[in-house]
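Chemist: Pasting upload.txt below, which is compact mmCIF, C-alpha atoms.
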```txt
# COMPACT_ATOMS: atom_id res chain seq x y z
CA MET A 1 119.16 82.43 85.46
CA ASN A 2 118.43 85.86 84.11
CA SER A 3 122.00 87.14 84.02
CA SER A 4 122.88 86.41 80.42
CA THR A 5 126.39 86.55 79.07
CA SER A 6 127.24 89.51 76.84
CA SER A 7 127.26 88.93 73.09
CA THR A 8 130.90 89.99 72.84
CA ARG A 9 131.83 87.21 75.22
CA LEU A 10 129.86 84.64 73.18
CA ILE A 11 131.32 85.77 69.89
CA SER A 12 134.86 85.92 71.21
CA THR A 13 134.55 82.41 72.70
CA LEU A 14 133.36 80.94 69.42
CA GLY A 15 135.92 82.95 67.51
CA LEU A 16 138.81 81.76 69.65
CA VAL A 17 137.75 78.14 69.52
CA ALA A 18 137.26 78.35 65.75
CA ALA A 19 140.66 80.00 65.31
CA PHE A 20 142.32 77.28 67.35
CA SER A 21 140.61 74.53 65.35
CA GLY A 22 141.54 76.21 62.09
CA PHE A 23 145.15 76.35 63.16
CA LEU A 24 145.15 72.68 64.17
CA ILE A 25 143.52 71.54 60.93
CA VAL A 26 145.91 73.51 58.73
CA PHE A 27 148.85 72.07 60.65
CA VAL A 28 147.63 68.48 60.25
CA PHE A 29 146.70 69.05 56.60
CA GLN A 30 150.16 70.38 55.80
CA SER A 31 151.97 67.62 57.60
CA THR A 32 149.93 64.74 56.15
CA LYS A 33 149.68 66.06 52.57
CA PRO A 34 152.92 64.55 51.25
CA ARG A 35 152.00 61.13 52.61
CA ILE A 36 148.45 61.30 51.22
CA ASP A 37 149.66 62.37 47.76
CA GLU A 38 152.24 59.59 47.81
CA ASN A 39 149.56 57.02 48.77
CA LYS A 40 147.33 58.20 45.95
CA ARG A 41 150.18 58.04 43.45
CA ILE A 42 151.12 54.50 44.52
CA ALA A 43 147.49 53.36 44.33
CA ILE A 44 147.19 54.67 40.75
CA GLU A 45 150.58 53.27 39.76
CA ASN A 46 149.72 49.79 41.03
CA ALA A 47 146.39 49.93 39.26
CA VAL A 48 148.07 50.94 35.98
CA PHE A 49 150.43 47.96 36.09
CA LYS A 50 147.46 45.68 36.78
CA VAL A 51 145.54 46.67 33.67
CA VAL A 52 148.26 46.93 31.03
CA PRO A 53 149.89 43.77 29.55
CA ALA A 54 152.57 42.06 31.60
CA GLY A 55 156.11 43.27 30.97
CA ALA A 56 155.50 46.94 31.63
CA ILE A 57 158.23 48.38 33.79
CA THR A 58 157.99 52.16 33.46
CA GLN A 59 155.08 54.48 33.20
CA ARG A 60 154.49 58.12 32.35
CA SER A 61 151.36 60.11 33.01
CA TYR A 62 149.98 62.62 30.56
CA VAL A 63 146.95 64.81 30.43
CA LEU A 64 144.79 65.04 27.34
CA THR A 65 143.84 68.69 26.94
CA ASP A 66 142.09 70.02 23.82
CA GLU A 67 143.06 66.91 21.85
CA ARG A 68 146.72 67.36 22.75
CA LEU A 69 148.84 65.37 25.16
CA GLN A 70 150.61 67.36 27.81
CA THR A 71 152.55 66.51 30.91
CA HIS A 72 150.62 68.92 33.11
CA GLY A 73 147.26 70.59 33.07
CA GLN A 74 143.58 69.91 33.37
CA GLY A 75 141.88 67.16 31.43
CA GLU A 76 141.66 63.42 30.96
CA ASP A 77 144.48 61.50 32.69
CA ILE A 78 146.38 59.13 30.41
CA TYR A 79 148.88 56.66 31.85
CA ALA A 80 151.30 55.21 29.31
CA ALA A 81 153.23 52.03 30.18
CA TYR A 82 156.49 50.97 28.53
CA ASP A 83 158.38 47.69 28.40
CA LYS A 84 162.11 47.23 28.96
CA ASN A 85 162.91 48.37 25.39
CA ASN A 86 161.09 51.63 26.09
CA GLN A 87 158.31 50.68 23.70
CA LEU A 88 154.70 51.64 24.46
CA ILE A 89 152.81 48.47 25.30
CA GLY A 90 149.68 49.79 26.91
CA ILE A 91 147.73 52.82 28.02
CA ALA A 92 145.59 53.07 31.13
CA LEU A 93 142.54 55.31 31.09
CA SER A 94 139.96 56.04 33.74
CA GLY A 95 136.22 55.65 33.53
CA ALA A 96 133.21 55.94 35.79
CA ALA A 97 129.57 54.92 35.69
CA GLN A 98 126.63 54.54 38.05
CA GLY A 99 126.49 51.01 39.41
CA TYR A 100 123.87 49.39 41.62
CA ALA A 101 124.82 51.12 44.87
CA GLY A 102 126.88 54.10 43.73
CA ILE A 103 129.43 55.31 41.25
CA ILE A 104 131.98 52.73 40.10
CA ASN A 105 135.37 54.32 39.37
CA LEU A 106 137.74 52.17 37.40
CA LEU A 107 140.95 52.18 35.42
CA TYR A 108 141.13 50.17 32.19
CA GLY A 109 144.01 49.18 29.98
CA TYR A 110 144.05 49.88 26.24
CA ASN A 111 146.51 48.28 23.88
CA PRO A 112 146.98 50.51 20.80
CA ARG A 113 148.53 47.68 18.78
CA CYS A 114 145.52 45.37 18.87
CA GLU A 115 143.13 48.28 19.52
CA CYS A 116 141.60 46.37 22.36
CA ILE A 117 140.90 46.64 26.09
CA THR A 118 143.29 44.49 28.08
CA GLY A 119 141.86 44.65 31.58
CA PHE A 120 140.28 46.84 34.20
CA LYS A 121 140.66 47.53 37.89
CA VAL A 122 138.06 49.07 40.14
CA ILE A 123 139.44 52.06 42.03
CA LYS A 124 136.37 52.75 44.11
CA MET A 125 132.94 51.16 44.35
CA THR A 126 130.19 50.44 46.83
CA GLU A 127 128.58 47.43 45.17
CA THR A 128 126.83 44.79 47.29
CA PRO A 129 129.30 42.27 48.75
CA GLY A 130 128.70 38.80 47.38
CA LEU A 131 126.65 40.05 44.41
CA GLY A 132 127.80 43.23 42.67
CA ASP A 133 131.38 42.94 43.83
CA LYS A 134 131.76 39.78 41.73
CA ILE A 135 132.83 42.15 38.94
CA ILE A 136 136.30 42.28 40.46
CA LYS A 137 136.82 38.53 40.99
CA ASP A 138 134.50 36.47 38.77
CA PRO A 139 136.95 34.67 36.41
CA ALA A 140 134.41 34.23 33.59
CA PHE A 141 133.58 37.93 33.67
CA LEU A 142 137.21 39.02 33.80
CA SER A 143 138.02 36.81 30.79
CA ASN A 144 135.90 39.26 28.75
CA PHE A 145 138.68 41.76 29.18
CA GLN A 146 141.58 39.76 27.80
CA ALA A 147 141.09 41.32 24.37
CA LEU A 148 137.89 43.32 24.27
CA GLU A 149 137.70 44.95 20.85
CA ALA A 150 137.73 48.76 20.78
CA LYS A 151 138.61 49.46 17.13
CA LEU A 152 138.17 52.92 15.66
CA ASN A 153 136.27 53.39 12.39
CA ASN A 154 137.98 54.27 9.09
CA ASP A 155 137.77 58.01 9.69
CA LYS A 156 139.32 57.47 13.12
CA ASN A 157 136.76 59.74 14.75
CA ALA A 158 134.57 57.21 16.56
CA LEU A 159 134.48 53.64 17.76
CA ASN A 160 133.61 51.08 15.10
CA ASN A 161 131.36 49.31 17.56
CA GLU A 162 130.16 50.57 20.90
CA ILE A 163 131.30 48.42 23.80
CA VAL A 164 128.19 46.93 25.35
CA THR A 165 127.36 44.52 28.13
CA VAL A 166 124.97 41.78 27.07
CA TYR A 167 122.99 39.33 29.20
CA HIS A 168 124.83 36.32 30.53
CA GLY A 169 125.50 33.82 27.75
CA LYS A 170 124.45 36.16 24.91
CA LYS A 171 127.94 37.33 23.86
CA THR A 172 128.48 36.92 20.12
CA HIS A 173 130.94 39.69 19.14
CA PRO A 174 134.42 40.55 20.44
CA TRP A 175 133.23 44.03 21.51
CA GLN A 176 130.55 42.64 23.80
CA ILE A 177 130.88 41.91 27.52
CA ASP A 178 129.17 38.84 28.90
CA ALA A 179 127.39 39.97 32.12
CA ILE A 180 127.51 38.04 35.38
CA SER A 181 124.19 36.38 36.03
CA GLY A 182 122.84 37.97 39.23
CA ALA A 183 125.02 41.06 38.90
CA THR A 184 123.78 42.44 35.60
CA ILE A 185 123.55 46.05 36.74
CA SER A 186 127.12 46.11 38.07
CA SER A 187 128.40 44.33 34.94
CA ARG A 188 126.60 46.83 32.76
CA ALA A 189 128.14 49.71 34.71
CA VAL A 190 131.62 48.38 33.93
CA GLY A 191 130.78 48.25 30.22
CA LYS A 192 129.26 51.70 30.33
CA ALA A 193 132.21 53.22 32.18
CA ILE A 194 134.64 51.82 29.61
CA ASN A 195 132.48 52.71 26.61
CA THR A 196 131.81 56.29 27.70
CA SER A 197 135.48 56.94 28.23
CA ALA A 198 136.74 55.01 25.18
CA ARG A 199 134.26 56.67 22.83
CA GLN A 200 135.42 60.09 23.90
CA VAL A 201 139.13 59.60 24.52
CA LEU A 202 140.34 57.04 21.96
CA PRO A 203 139.60 59.11 18.80
CA GLN A 204 141.40 62.11 20.36
CA LEU A 205 144.24 59.94 21.49
CA PHE A 206 144.76 58.36 18.08
CA SER A 207 146.48 61.34 16.46
CA GLN A 208 148.67 61.81 19.53
CA LEU A 209 149.88 58.22 19.73
CA PRO A 210 153.06 58.64 17.62
CA SER A 211 154.38 61.16 20.13
CA ILE A 212 154.34 58.64 22.96
CA THR A 213 155.06 55.28 21.29
CA GLN A 214 158.65 55.38 22.39
CA LEU A 215 160.06 56.45 25.70
CA ASP A 216 163.09 58.53 24.75
CA GLY A 217 162.87 61.24 27.32
CA LYS A 218 162.24 63.80 24.59
CA TYR A 219 158.71 64.46 25.70
CA ASP A 220 159.71 64.87 29.32
CA LYS A 221 162.29 67.51 28.52
CA GLN A 222 159.71 69.77 26.96
CA GLU A 223 158.00 70.62 30.21
CA MET B 224 134.16 71.64 99.61
CA THR B 225 132.91 68.10 99.44
CA SER B 226 132.37 68.37 95.69
CA ARG B 227 135.94 69.54 95.19
CA ASN B 228 137.18 66.63 97.25
CA LYS B 229 135.13 64.23 95.19
CA ASP B 230 136.44 65.83 92.04
CA ALA B 231 140.04 65.39 93.04
CA GLN B 232 139.71 61.70 93.71
CA ILE B 233 140.32 59.58 90.66
CA THR B 234 139.33 56.00 91.15
CA MET B 235 139.70 52.91 89.02
CA ASP B 236 135.95 53.06 88.64
CA ASP B 237 136.19 56.19 86.46
CA PHE B 238 138.11 54.10 83.97
CA LEU B 239 136.18 50.85 84.25
CA VAL B 240 132.72 52.36 84.11
CA GLY B 241 132.91 52.88 80.34
CA ILE B 242 134.20 49.41 79.67
CA TRP B 243 131.63 47.49 81.65
CA ARG B 244 128.83 49.09 83.66
CA GLU B 245 128.08 51.94 81.24
CA ASN B 246 129.48 50.42 78.06
CA PRO B 247 128.42 52.88 75.34
CA VAL B 248 127.25 50.16 72.95
CA PHE B 249 126.03 47.23 75.01
CA VAL B 250 124.53 49.15 77.91
CA MET B 251 123.78 52.70 76.73
CA LEU B 252 123.04 51.70 73.11
CA LEU B 253 124.69 54.85 71.76
CA GLY B 254 126.42 55.36 68.42
CA MET B 255 124.49 52.58 66.71
CA CYS B 256 125.16 53.97 63.22
CA PRO B 257 128.91 53.16 63.06
CA VAL B 258 128.38 50.07 65.22
CA LEU B 259 126.13 48.51 62.61
CA ALA B 260 127.72 49.95 59.49
CA VAL B 261 131.47 49.47 59.67
CA THR B 262 131.82 46.31 61.77
CA ASN B 263 131.96 44.00 58.75
CA SER B 264 135.61 43.16 59.41
CA VAL B 265 138.03 43.26 62.32
CA VAL B 266 140.31 45.82 60.67
CA ASN B 267 137.45 48.22 59.96
CA SER B 268 136.11 47.83 63.50
CA LEU B 269 139.50 48.46 65.03
CA ALA B 270 140.15 51.52 62.87
CA MET B 271 136.71 52.95 63.61
CA GLY B 272 137.08 52.24 67.32
CA LEU B 273 140.51 53.85 67.54
CA ALA B 274 139.41 56.87 65.50
CA THR B 275 136.41 57.40 67.75
CA THR B 276 138.53 56.93 70.88
CA PHE B 277 140.99 59.53 69.66
CA VAL B 278 138.25 62.04 68.92
CA LEU B 279 136.59 61.29 72.25
CA LEU B 280 139.82 61.74 74.18
CA GLY B 281 140.86 64.91 72.38
CA SER B 282 137.52 66.64 72.42
CA SER B 283 136.45 65.81 75.97
CA THR B 284 139.84 66.73 77.40
CA LEU B 285 139.71 70.07 75.62
CA VAL B 286 136.12 70.67 76.66
CA SER B 287 137.04 69.90 80.25
CA LEU B 288 139.99 72.26 80.04
CA LEU B 289 137.77 75.06 78.74
CA ARG B 290 134.74 74.22 80.89
CA ASN B 291 134.93 77.39 82.98
CA PHE B 292 135.61 79.55 79.97
CA ILE B 293 132.77 78.45 77.65
CA PRO B 294 129.52 80.35 78.30
CA LYS B 295 126.60 77.96 78.57
CA GLU B 296 124.67 79.68 75.77
CA VAL B 297 127.16 78.62 73.13
CA ARG B 298 128.40 75.40 74.71
CA ILE B 299 126.89 72.98 72.17
CA ALA B 300 128.23 75.02 69.24
CA THR B 301 131.67 75.10 70.85
CA TYR B 302 131.61 71.34 71.51
CA ILE B 303 130.68 70.65 67.91
CA ILE B 304 133.53 72.86 66.61
CA ILE B 305 136.00 71.05 68.88
CA ILE B 306 134.71 67.59 67.93
CA ALA B 307 134.67 68.45 64.21
CA THR B 308 138.28 69.62 64.45
CA PHE B 309 139.46 66.33 65.89
CA VAL B 310 137.42 64.39 63.34
CA THR B 311 139.07 66.30 60.50
CA VAL B 312 142.47 65.51 62.01
CA VAL B 313 141.60 61.79 62.15
CA ASP B 314 140.30 61.96 58.59
CA TYR B 315 143.65 63.22 57.26
CA VAL B 316 145.67 60.84 59.41
CA ILE B 317 143.76 57.79 58.16
CA GLN B 318 144.21 58.94 54.56
CA ALA B 319 147.93 59.22 55.24
CA ILE B 320 148.07 55.75 56.81
CA SER B 321 146.13 53.79 54.22
CA LEU B 322 143.83 54.81 51.38
CA ASP B 323 142.25 51.32 51.30
CA LEU B 324 141.21 51.67 54.93
CA TYR B 325 139.92 55.18 54.24
CA ASN B 326 137.79 53.92 51.36
CA ALA B 327 136.48 51.02 53.45
CA LEU B 328 135.33 53.31 56.25
CA GLY B 329 133.75 55.72 53.77
CA ALA B 330 131.60 58.48 55.17
CA PHE B 331 131.62 57.06 58.69
CA ILE B 332 134.81 58.86 59.64
CA GLN B 333 133.21 62.23 58.97
CA LEU B 334 130.08 61.09 60.75
CA ILE B 335 131.99 60.71 64.03
CA VAL B 336 131.14 64.43 64.40
CA VAL B 337 127.54 63.54 65.19
CA ASN B 338 128.33 60.43 67.22
CA CYS B 339 126.24 60.86 70.36
CA ILE B 340 128.78 59.10 72.60
CA ILE B 341 131.19 61.98 72.06
CA LEU B 342 128.74 64.84 72.39
CA GLY B 343 127.16 63.05 75.34
CA ARG B 344 130.51 62.75 77.11
CA ALA B 345 131.28 66.42 76.48
CA GLU B 346 127.92 67.59 77.81
CA SER B 347 127.36 65.24 80.72
CA TYR B 348 130.89 64.54 81.95
CA ALA B 349 133.67 66.75 80.56
CA SER B 350 131.84 70.01 81.28
CA LYS B 351 131.54 69.07 84.97
CA ASN B 352 134.75 67.25 85.83
CA SER B 353 138.46 67.95 86.02
CA MET B 354 140.68 67.36 83.02
CA LEU B 355 142.49 64.30 84.33
CA LYS B 356 139.29 62.66 85.49
CA THR B 357 137.67 63.34 82.13
CA PHE B 358 140.68 61.91 80.33
CA ILE B 359 140.52 58.67 82.35
CA ASN B 360 136.78 58.37 81.89
CA SER B 361 136.95 59.04 78.14
CA LEU B 362 139.72 56.49 77.76
CA GLY B 363 137.50 53.90 79.42
CA MET B 364 134.52 54.85 77.25
CA GLY B 365 136.63 54.75 74.11
CA LEU B 366 138.03 51.34 74.99
CA GLY B 367 134.54 50.12 75.77
CA PHE B 368 133.43 51.28 72.34
CA CYS B 369 136.46 49.60 70.70
CA ILE B 370 135.79 46.32 72.49
CA ALA B 371 132.14 46.39 71.48
CA LEU B 372 133.03 47.07 67.83
CA LEU B 373 135.61 44.27 67.88
CA CYS B 374 133.05 41.87 69.39
CA LEU B 375 130.76 42.54 66.44
CA GLY B 376 133.50 42.74 63.83
CA ALA B 377 135.14 39.47 64.83
CA VAL B 378 131.90 37.48 64.69
CA ARG B 379 130.83 39.06 61.42
CA GLU B 380 134.16 38.58 59.68
CA LEU B 381 134.50 35.02 60.95
CA LEU B 382 131.07 33.97 59.71
CA GLY B 383 130.73 36.32 56.76
CA ALA B 384 134.15 35.85 55.20
CA GLY B 385 135.58 32.84 57.05
CA SER B 386 138.62 34.83 58.13
CA LEU B 387 140.02 36.93 60.96
CA LEU B 388 142.10 40.04 60.21
CA GLY B 389 142.13 38.83 56.60
CA HIS B 390 143.67 35.43 57.41
CA PRO B 391 141.45 32.52 56.36
CA ILE B 392 140.42 30.41 59.36
CA PHE B 393 138.08 27.75 58.08
CA GLY B 394 139.92 26.80 54.90
CA PRO B 395 138.61 26.67 51.35
CA GLY B 396 135.71 24.29 52.11
CA PHE B 397 133.85 26.97 54.08
CA GLU B 398 130.99 28.72 52.32
CA PRO B 399 130.83 32.29 53.77
CA TRP B 400 127.53 33.52 55.17
CA VAL B 401 127.49 36.67 53.07
CA ILE B 402 124.48 37.95 55.01
CA MET B 403 126.76 38.55 58.01
CA ILE B 404 128.76 41.18 56.10
CA LEU B 405 125.59 42.86 54.84
CA PRO B 406 123.59 45.27 57.07
CA PRO B 407 121.11 42.60 58.35
CA GLY B 408 124.06 40.65 59.74
CA GLY B 409 125.01 43.70 61.82
CA PHE B 410 121.58 43.85 63.42
CA PHE B 411 121.58 40.11 63.98
CA VAL B 412 124.98 39.97 65.67
CA LEU B 413 124.26 43.08 67.76
CA GLY B 414 120.99 41.49 68.88
CA CYS B 415 122.80 38.31 69.91
CA TRP B 416 125.38 40.25 71.94
CA LEU B 417 122.67 42.30 73.65
CA LEU B 418 120.79 39.10 74.44
CA LEU B 419 123.92 37.63 75.99
CA PHE B 420 124.57 40.77 78.01
CA SER B 421 121.06 41.11 79.37
CA TRP B 422 120.90 37.39 80.16
CA PHE B 423 124.15 37.73 82.07
CA LYS B 424 122.92 40.82 83.91
CA GLN B 425 119.62 39.24 84.78
CA SER B 426 121.09 36.04 86.10
CA ARG B 427 123.44 38.02 88.31
CA GLU B 428 120.63 40.19 89.65
CA HIS B 429 118.62 37.07 90.27
CA LYS B 430 121.48 35.56 92.24
CA ASN B 431 121.93 38.75 94.28
CA GLN B 432 118.24 38.80 95.08
CA HIS B 433 118.37 35.19 96.19
CA LYS B 434 121.30 35.97 98.42
CA THR B 435 119.59 38.91 100.11
CA THR B 436 116.36 37.03 100.68
CA ALA B 437 118.36 34.13 102.09
CA GLU B 438 120.18 36.52 104.42
CA VAL B 439 116.93 38.12 105.50
CA ALA B 440 115.49 34.68 106.14
CA ASN B 441 118.56 33.72 108.19
CA HIS B 442 118.26 36.83 110.27
CA ALA B 443 114.62 36.23 110.86
CA GLY B 444 115.38 32.67 111.83
```
With the file now loaded, output its structure as structure tokens.
Modeler:
Amino acid sequence: MNSSTSSTRLISTLGLVAAFSGFLIVFVFQSTKPRIDENKRIAIENAVFKVVPAGAITQRSYVLTDERLQTHGQGEDIYAAYDKNNQLIGIALSGAAQGYAGIINLLYGYNPRCECITGFKVIKMTETPGLGDKIIKDPAFLSNFQALEAKLNNDKNALNNEIVTVYHGKKTHPWQIDAISGATISSRAVGKAINTSARQVLPQLFSQLPSITQLDGKYDKQE
Amino acid sequence: MTSRNKDAQITMDDFLVGIWRENPVFVMLLGMCPVLAVTNSVVNSLAMGLATTFVLLGSSTLVSLLRNFIPKEVRIATYIIIIATFVTVVDYVIQAISLDLYNALGAFIQLIVVNCIILGRAESYASKNSMLKTFINSLGMGLGFCIALLCLGAVRELLGAGSLLGHPIFGPGFEPWVIMILPPGGFFVLGCWLLLFSWFKQSREHKNQHKTTAEVANHAG
């Protein structure tokens, strides 16, 4: 076979096939995008209701940009949940940390009234089934997050006590998380994810809280 | 002339060959990466099987359609572009159907691009056969792959989680064999299925051999 095909032919073949595939992908991307966005929104919404105290019926999402809360923009996502009297009863924040087998992404609930963490929900993780994934179902471990203390100091610029995970059975303070025996690394990752986020976000959020304590629609109209 | 005649004939065998005699998993041992990795539950196996079947059907049909147009120098590159396109389509569709499923399958959806069953079909079958014939053959291969994944997934979910399709089967007293959901369980179950298949094949060959020798003996007698 010494009669080789001309380069133009090769290039045009690849070009045509690539153009066709580009067209197909753009078409599918456009037609599935609304559904995918909707799925993502529902997933987040369900997770928010899981981590804030029971009784929440509405939620609003904000973005914390340059220490100010806005409805749109780039920055830390803040999900505020309100009860039937339109009073703020909880805030959901996201955190992430390296676990045993990959990054653990989670959403945790913060109650500004008791200044405590009220629960967490893993959004994405790849922890070992049967060992690391106990962090989402072990009842003793989850009971750590009924009222995990996350108080700010007197100057309101840092956490009073860092949230830490301690070895199983060594919990002595309300800001400590009792690890699961046999899944210490995954338990620690949960503590680290919450602490890293809380340490950074909560002091910034504190000054902004009055603007979102009540759901009166005022904030929404500003956009 | 004869080759064209052969090409035009579409037999049931074109369809069945992928399911049984040349089953991509149990006979050809292709695509082991998704076979071992995502078969930890029936739902994951089914989704992976269907996704692969779709990509296989789409890409090999298109390759077959373009087989006289693609110069042989750039054929592999063209096949990969076509396969990658269909994989991207599947990727978006699964995200639109269920994010949980998408997260469970992880990177293995994207890795269908390098699944050797698909590239193998494009190179060894689709580039030489008519579109309809390729379609039938790919459908058989895809179904064969699905069945194989379900065989593994059902056993692993049943033993590893005590459930089928998420419904508990054995009741609360059953202690799941977690090892079955973990990677070693995949190797173990695949090994058992292969053992079963080769035992079956061997016993049949043995029987056939017996029959022929008996016939020969009869004739001689």
Chemist: In Å, with one decimal, what is the gap from CA of Asn105 in chain A to CA of Tyr79 in chain A?
Modeler: 15.6 Å
Chemist: Find, counting all atoms listed in the file, the residue in B:Pro257, B:Gly343, B:Pro399, B:Pro247 that gets nearest to chain A.
Modeler: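 Between B:Pro257, B:Gly343, B:Pro399, B:Pro247, the residue approaching chain A most closely is B:Pro399.
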Chemist: Residues of chain A within 12 Å of chain B, counting all atoms listed in the file, what are they? List them as a PDB file with C-alpha atoms, in the coordinates of the input.
Modeler:
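iface.pdb, freshly written:
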```
ATOM      1  CA  MET A   1     119.160  82.430  85.460  1.00  0.00           C
ATOM      2  CA  SER A   3     122.000  87.140  84.020  1.00  0.00           C
ATOM      3  CA  SER A   4     122.880  86.410  80.420  1.00  0.00           C
ATOM      4  CA  THR A   5     126.390  86.550  79.070  1.00  0.00           C
ATOM      5  CA  SER A   6     127.240  89.510  76.840  1.00  0.00           C
ATOM      6  CA  SER A   7     127.260  88.930  73.090  1.00  0.00           C
ATOM      7  CA  THR A   8     130.900  89.990  72.840  1.00  0.00           C
ATOM      8  CA  ARG A   9     131.830  87.210  75.220  1.00  0.00           C
ATOM      9  CA  LEU A  10     129.860  84.640  73.180  1.00  0.00           C
ATOM     10  CA  ILE A  11     131.320  85.770  69.890  1.00  0.00           C
ATOM     11  CA  SER A  12     134.860  85.920  71.210  1.00  0.00           C
ATOM     12  CA  THR A  13     134.550  82.410  72.700  1.00  0.00           C
ATOM     13  CA  LEU A  14     133.360  80.940  69.420  1.00  0.00           C
ATOM     14  CA  GLY A  15     135.920  82.950  67.510  1.00  0.00           C
ATOM     15  CA  LEU A  16     138.810  81.760  69.650  1.00  0.00           C
ATOM     16  CA  VAL A  17     137.750  78.140  69.520  1.00  0.00           C
ATOM     17  CA  ALA A  18     137.260  78.350  65.750  1.00  0.00           C
ATOM     18  CA  ALA A  19     140.660  80.000  65.310  1.00  0.00           C
ATOM     19  CA  PHE A  20     142.320  77.280  67.350  1.00  0.00           C
ATOM     20  CA  SER A  21     140.610  74.530  65.350  1.00  0.00           C
ATOM     21  CA  GLY A  22     141.540  76.210  62.090  1.00  0.00           C
ATOM     22  CA  PHE A  23     145.150  76.350  63.160  1.00  0.00           C
ATOM     23  CA  LEU A  24     145.150  72.680  64.170  1.00  0.00           C
ATOM     24  CA  ILE A  25     143.520  71.540  60.930  1.00  0.00           C
ATOM     25  CA  VAL A  26     145.910  73.510  58.730  1.00  0.00           C
ATOM     26  CA  PHE A  27     148.850  72.070  60.650  1.00  0.00           C
ATOM     27  CA  VAL A  28     147.630  68.480  60.250  1.00  0.00           C
ATOM     28  CA  PHE A  29     146.700  69.050  56.600  1.00  0.00           C
ATOM     29  CA  GLN A  30     150.160  70.380  55.800  1.00  0.00           C
ATOM     30  CA  SER A  31     151.970  67.620  57.600  1.00  0.00           C
ATOM     31  CA  THR A  32     149.930  64.740  56.150  1.00  0.00           C
ATOM     32  CA  LYS A  33     149.680  66.060  52.570  1.00  0.00           C
ATOM     33  CA  PRO A  34     152.920  64.550  51.250  1.00  0.00           C
ATOM     34  CA  ARG A  35     152.000  61.130  52.610  1.00  0.00           C
ATOM     35  CA  ILE A  36     148.450  61.300  51.220  1.00  0.00           C
ATOM     36  CA  ASP A  37     149.660  62.370  47.760  1.00  0.00           C
ATOM     37  CA  GLU A  38     152.240  59.590  47.810  1.00  0.00           C
ATOM     38  CA  ASN A  39     149.560  57.020  48.770  1.00  0.00           C
ATOM     39  CA  LYS A  40     147.330  58.200  45.950  1.00  0.00           C
ATOM     40  CA  ARG A  41     150.180  58.040  43.450  1.00  0.00           C
ATOM     41  CA  ILE A  42     151.120  54.500  44.520  1.00  0.00           C
ATOM     42  CA  ALA A  43     147.490  53.360  44.330  1.00  0.00           C
ATOM     43  CA  ILE A  44     147.190  54.670  40.750  1.00  0.00           C
ATOM     44  CA  ILE A 123     139.440  52.060  42.030  1.00  0.00           C
ATOM     45  CA  LYS A 124     136.370  52.750  44.110  1.00  0.00           C
ATOM     46  CA  MET A 125     132.940  51.160  44.350  1.00  0.00           C
ATOM     47  CA  THR A 126     130.190  50.440  46.830  1.00  0.00           C
ATOM     48  CA  GLU A 127     128.580  47.430  45.170  1.00  0.00           C
ATOM     49  CA  THR A 128     126.830  44.790  47.290  1.00  0.00           C
ATOM     50  CA  PRO A 129     129.300  42.270  48.750  1.00  0.00           C
ATOM     51  CA  GLY A 130     128.700  38.800  47.380  1.00  0.00           C
ATOM     52  CA  LEU A 131     126.650  40.050  44.410  1.00  0.00           C
ATOM     53  CA  ASP A 133     131.380  42.940  43.830  1.00  0.00           C
TER      54      ASP A 133
END
```
Chemist: Choose the residue, out of B:Thr436, B:Ser353, B:Asn267, B:Ser347, that has the smallest atom-to-atom separation from Gln232 in chain B; count only C-alpha atoms.
Modeler: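 With only C-alpha atoms as the atom set, the closest residue is B:Ser353.
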Chemist: Determine, counting all atoms listed in the file, which protein, DNA and RNA residues have an atom within 12 Å of an atom of Thr262 in chain B; residues of the same chain fewer than 6 positions away are not included. Present the result as a count of residues only.
Modeler: 35
Chemist: Could you state the separation of CA of Val201 in chain A and CA of Ser186 in chain A in Å, given to one decimal place?
Modeler: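 We find that CA of Val201 in chain A and CA of Ser186 in chain A lie 22.6 Å from each other.
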Chemist: Could you model N, CA, C and O atoms for range 211-216 of chain A and present them as a PDB file, in the frame of the given file?
Modeler:
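Listed below is the output, selection07.pdb:
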```
ATOM      1  N   SER A 211     153.493  60.388  19.245  1.00  0.00           N
ATOM      2  CA  SER A 211     154.380  61.160  20.130  1.00  0.00           C
ATOM      3  C   SER A 211     154.744  60.418  21.402  1.00  0.00           C
ATOM      4  O   SER A 211     155.646  60.817  22.122  1.00  0.00           O
ATOM      5  N   ILE A 212     154.013  59.338  21.710  1.00  0.00           N
ATOM      6  CA  ILE A 212     154.340  58.640  22.960  1.00  0.00           C
ATOM      7  C   ILE A 212     154.695  57.171  22.743  1.00  0.00           C
ATOM      8  O   ILE A 212     154.873  56.446  23.710  1.00  0.00           O
ATOM      9  N   THR A 213     154.812  56.706  21.487  1.00  0.00           N
ATOM     10  CA  THR A 213     155.060  55.280  21.290  1.00  0.00           C
ATOM     11  C   THR A 213     156.410  54.842  21.818  1.00  0.00           C
ATOM     12  O   THR A 213     156.609  53.686  22.110  1.00  0.00           O
ATOM     13  N   GLN A 214     157.350  55.768  21.876  1.00  0.00           N
ATOM     14  CA  GLN A 214     158.650  55.380  22.390  1.00  0.00           C
ATOM     15  C   GLN A 214     159.057  56.285  23.541  1.00  0.00           C
ATOM     16  O   GLN A 214     158.830  57.491  23.511  1.00  0.00           O
ATOM     17  N   LEU A 215     159.633  55.674  24.540  1.00  0.00           N
ATOM     18  CA  LEU A 215     160.060  56.450  25.700  1.00  0.00           C
ATOM     19  C   LEU A 215     161.510  56.860  25.477  1.00  0.00           C
ATOM     20  O   LEU A 215     162.435  56.093  25.684  1.00  0.00           O
ATOM     21  N   ASP A 216     161.715  58.102  24.990  1.00  0.00           N
ATOM     22  CA  ASP A 216     163.090  58.530  24.750  1.00  0.00           C
ATOM     23  C   ASP A 216     163.449  59.748  25.590  1.00  0.00           C
ATOM     24  O   ASP A 216     164.503  60.330  25.430  1.00  0.00           O
TER      25      ASP A 216
END
```
